[in-house]
Amino acid sequence: MRTKNYHILFLLLLTVSFSCTDEIDEEKPAGEWTAENEWIYETMEADYLWYNEIAKSTLDPSTDAETFFYSMLSRKDGKSGYYYSYIEEKDGTRAYMGDGLTYGFEYQAWRITDLNRVGLQILYVLPGSAAEQKGLKRGDWIFTLNGSNIGDDYYTLISSSSTLKVGVCENLKSYRELTEKDLTATRLEDNPVFESKVIPNTQVGYMAYHHFTTGPNGSNDRSYDIYMAEELAKLKQKGIKDFVLDLRYNPGGYVTSAQVLSSCLMPENKLDNIFCKMTYNDKRTKENVDLKFTKYISNRVYHPGLELNRIFVITSSRSASASELVIASLIPYFENNLYIIGDTDNNTEGKNVGSIEYSEDKYDWILHPIVCHVTNREEWDYSAGIPPTEGFEYSYSEEAGDEQLYPLGDENDGALKLILDYIAGRKVSAVKTKTNTVSATPLNTSFENRRIKGMILD
């Protein structure tokens, strides 16, 4: 018996258990099955969104679990050469977002052809982290790790070590003038509310929200959701009329947290409306559900009662899944009063599907298959990504340029400045900040390796 946990209306946690063998296709491939692969097959055959596209004739039930799992996935699952569904090995210390040892900085890696080097540009630094204590800041560049030039193993080196020596400079022009700093990884809570403030001398509220995580101790812990709602209530008390939601570094997370955030931005008299629609495969149509907005978190009322004129959402190509769902869910209700500030060259990710975690005590693997489509009230298909509002296109200076990156929430930050100019009635045009004179190719970001990926139903 496997168990599926699922958050539903009013964010009450329901546990639904059922046998996955009652609707299994009888055309099970012949061969010598391992018990683990049989469990994987039955789970996918029952719940995988594209179960009817499993290439049964080519399955090898005797192969290792990881290979077997990926051999079952549909071409519709994911994009650009990677799958949304994934399998991971149990490690005994399951980490949620923000749990585990960290140096406390997120980065974009670049292969800089003109310098014949790989560099890591810091996108932001977590408060209280080793990186902050040693003076690292947004916009700094790292060109050496443990005294050597950065190679292709930079992610493994950073994520698997407990001490690290980084060679840092403030910009590309000073890459030969590195300052070495010793970092020691610590266990640090990563509250998704990175910054919450009123922009000075305005009635504009700002929140940088970096991942949709309910709390540091798993999906039953709602402390992060409560903190986010309380921070929004503080902004209301300070008299904000417009609100900027910064999701440029948010890759997704739990639907329940997205539901809370969207609900907090909705007028209280409109909460009895559809937040999103979840549609499962044709074997699980009874589970299809329309989730409504809610003012409850863990059976208590947490609604800030915001009365907003306009909402501005800062996005990038890294904004995905639950981030996109928040935007999509609000569009039908705010219409022309919701503005999307986005990358000139790229839409958001375009991930409008959700996954559920499956595990069995007797097996060494955790499955995360895609199980449903997620849309807004109008069933909008945003699988091609969400584009910026016309006139609010923005090319981020992270793209290996020499320009200064201001702290998130600073009114000089390019994307935020565009919004503030618009609100103040100053002339606004599509902003381009790519003044870099070097040739560079983007590699991975640190976000792509987080333990919580995409849109999580539970």
# chains A, B, ... in the order shown; residues from 1 in each chain; ligands from 1

call {"tool": "select_by_dssp", "arguments": {"residues": "range 54-92 of chain A", "states": "helix (DSSP H, G or I)", "output": "list in words"}}
result
Lys56, Ser57, Thr58, Ala65, Glu66, Thr67, Phe68, Phe69, Tyr70 and Ser71 of chain A

call {"tool": "residues_around", "arguments": {"residues": "range 295-311 of chain A", "least_positions_apart": "2", "cutoff": "9 Å", "atoms": "only C-alpha atoms", "output": "ChimeraX atom specification"}}
result
/A:10-13,222,225-226,229-237,240-245,260,263-268,271,293,313,334,336-340

call {"tool": "residues_around", "arguments": {"residues": "Glu177 in chain A", "least_positions_apart": "6", "cutoff": "12 Å", "atoms": "only C-alpha atoms", "output": "PDB file with C-alpha atoms, in the first residue's frame"}}
result
ATOM      1  CA  TRP A 141      31.927  37.344  -8.882  1.00  0.00           C
ATOM      2  CA  ILE A 142      33.659  34.154  -7.734  1.00  0.00           C
ATOM      3  CA  PHE A 143      36.498  33.003 -10.001  1.00  0.00           C
ATOM      4  CA  THR A 144      38.345  30.472  -7.846  1.00  0.00           C
ATOM      5  CA  GLY A 167      38.262  34.024  -4.716  1.00  0.00           C
ATOM      6  CA  VAL A 168      35.966  37.049  -5.068  1.00  0.00           C
ATOM      7  CA  CYS A 169      35.923  40.322  -6.981  1.00  0.00           C
ATOM      8  CA  GLU A 170      33.274  43.007  -7.394  1.00  0.00           C
ATOM      9  CA  ASN A 171      33.064  43.010 -11.211  1.00  0.00           C
TER      10      ASN A 171
END

call {"tool": "residues_around", "arguments": {"residues": "Tyr107 in chain A", "least_positions_apart": "4", "cutoff": "6 Å", "atoms": "only C-alpha atoms", "output": "PyMOL selection string"}}
result
chain A and resi 120-123+445-446

call {"tool": "write_last_selection", "arguments": {"atoms": "N, CA and C atoms", "output": "mmCIF file, in the first residue's frame"}}
result
data_model
loop_
_atom_site.group_PDB
_atom_site.id
_atom_site.type_symbol
_atom_site.label_atom_id
_atom_site.label_comp_id
_atom_site.auth_asym_id
_atom_site.auth_seq_id
_atom_site.Cartn_x
_atom_site.Cartn_y
_atom_site.Cartn_z
ATOM 1 N N LEU A 120 31.183 32.561 -11.260
ATOM 2 C CA LEU A 120 29.887 32.460 -10.597
ATOM 3 C C LEU A 120 29.492 33.862 -10.134
ATOM 4 N N GLN A 121 28.380 34.375 -10.657
ATOM 5 C CA GLN A 121 27.905 35.676 -10.206
ATOM 6 C C GLN A 121 26.861 35.477 -9.113
ATOM 7 N N ILE A 122 27.078 36.117 -7.985
ATOM 8 C CA ILE A 122 26.177 35.965 -6.841
ATOM 9 C C ILE A 122 24.899 36.760 -7.091
ATOM 10 N N LEU A 123 23.773 36.085 -6.990
ATOM 11 C CA LEU A 123 22.477 36.709 -7.224
ATOM 12 C C LEU A 123 21.876 37.252 -5.934
ATOM 13 N N THR A 445 22.282 27.504 -12.802
ATOM 14 C CA THR A 445 22.132 28.301 -11.594
ATOM 15 C C THR A 445 22.042 27.356 -10.408
ATOM 16 N N SER A 446 22.286 27.889 -9.230
ATOM 17 C CA SER A 446 22.179 27.063 -8.024
ATOM 18 C C SER A 446 20.736 26.656 -7.762
#

call {"tool": "closest_residue", "arguments": {"among": "A:Asn201, A:Ser161, A:Asn376, A:Thr256", "to": "Thr279 in chain A", "atoms": "only C-alpha atoms"}}
result
A:Asn376

call {"tool": "select_by_dssp", "arguments": {"residues": "range 210-373 of chain A", "states": "strand (DSSP E)", "output": "PyMOL selection string"}}
result
chain A and resi 242-246+252-254+274-280+289-292+296-297+300-301+310-314+338-343+353-355+358-359+365-368+370-373

call {"tool": "closest_residue", "arguments": {"among": "A:Tyr83, A:Tyr175, A:Tyr154, A:Phe105", "to": "Lys134 in chain A", "atoms": "only C-alpha atoms"}}
result
A:Phe105

call {"tool": "atom_distance", "arguments": {"atom1": "CA of Pro251 in chain A", "atom2": "CA of Met44 in chain A"}}
result
24.7 Å

call {"tool": "residues_around", "arguments": {"residues": "range 108-115 of chain A", "least_positions_apart": "6", "cutoff": "6 Å", "atoms": "only C-alpha atoms", "output": "NGL selection string"}}
result
:A and (121 or 438-445)

call {"tool": "write_last_selection", "arguments": {"atoms": "N, CA, C and O atoms", "output": "PDB file, in the first residue's frame"}}
result
ATOM      1  N   GLN A 121      28.380  34.375 -10.657  1.00  0.00           N
ATOM      2  CA  GLN A 121      27.905  35.676 -10.206  1.00  0.00           C
ATOM      3  C   GLN A 121      26.861  35.477  -9.113  1.00  0.00           C
ATOM      4  O   GLN A 121      25.885  34.738  -9.282  1.00  0.00           O
ATOM      5  N   VAL A 438      31.754  41.421 -23.102  1.00  0.00           N
ATOM      6  CA  VAL A 438      32.404  40.120 -23.114  1.00  0.00           C
ATOM      7  C   VAL A 438      31.466  39.089 -23.704  1.00  0.00           C
ATOM      8  O   VAL A 438      30.246  39.252 -23.714  1.00  0.00           O
ATOM      9  N   SER A 439      32.049  38.034 -24.225  1.00  0.00           N
ATOM     10  CA  SER A 439      31.268  36.925 -24.750  1.00  0.00           C
ATOM     11  C   SER A 439      31.137  35.879 -23.644  1.00  0.00           C
ATOM     12  O   SER A 439      32.151  35.432 -23.085  1.00  0.00           O
ATOM     13  N   ALA A 440      29.895  35.525 -23.309  1.00  0.00           N
ATOM     14  CA  ALA A 440      29.685  34.604 -22.191  1.00  0.00           C
ATOM     15  C   ALA A 440      28.503  33.694 -22.476  1.00  0.00           C
ATOM     16  O   ALA A 440      27.527  34.100 -23.115  1.00  0.00           O
ATOM     17  N   THR A 441      28.604  32.469 -21.986  1.00  0.00           N
ATOM     18  CA  THR A 441      27.540  31.479 -22.143  1.00  0.00           C
ATOM     19  C   THR A 441      27.013  31.098 -20.768  1.00  0.00           C
ATOM     20  O   THR A 441      27.794  30.703 -19.893  1.00  0.00           O
ATOM     21  N   PRO A 442      25.694  31.206 -20.539  1.00  0.00           N
ATOM     22  CA  PRO A 442      25.162  30.833 -19.227  1.00  0.00           C
ATOM     23  C   PRO A 442      25.240  29.340 -19.003  1.00  0.00           C
ATOM     24  O   PRO A 442      24.949  28.534 -19.896  1.00  0.00           O
ATOM     25  N   LEU A 443      25.633  28.952 -17.811  1.00  0.00           N
ATOM     26  CA  LEU A 443      25.627  27.549 -17.390  1.00  0.00           C
ATOM     27  C   LEU A 443      24.476  27.379 -16.401  1.00  0.00           C
ATOM     28  O   LEU A 443      23.448  28.026 -16.531  1.00  0.00           O
ATOM     29  N   ASN A 444      24.622  26.535 -15.411  1.00  0.00           N
ATOM     30  CA  ASN A 444      23.534  26.299 -14.457  1.00  0.00           C
ATOM     31  C   ASN A 444      23.444  27.412 -13.422  1.00  0.00           C
ATOM     32  O   ASN A 444      24.394  28.148 -13.180  1.00  0.00           O
ATOM     33  N   THR A 445      22.282  27.504 -12.802  1.00  0.00           N
ATOM     34  CA  THR A 445      22.132  28.301 -11.594  1.00  0.00           C
ATOM     35  C   THR A 445      22.042  27.356 -10.408  1.00  0.00           C
ATOM     36  O   THR A 445      21.736  26.171 -10.559  1.00  0.00           O
TER      37      THR A 445
END
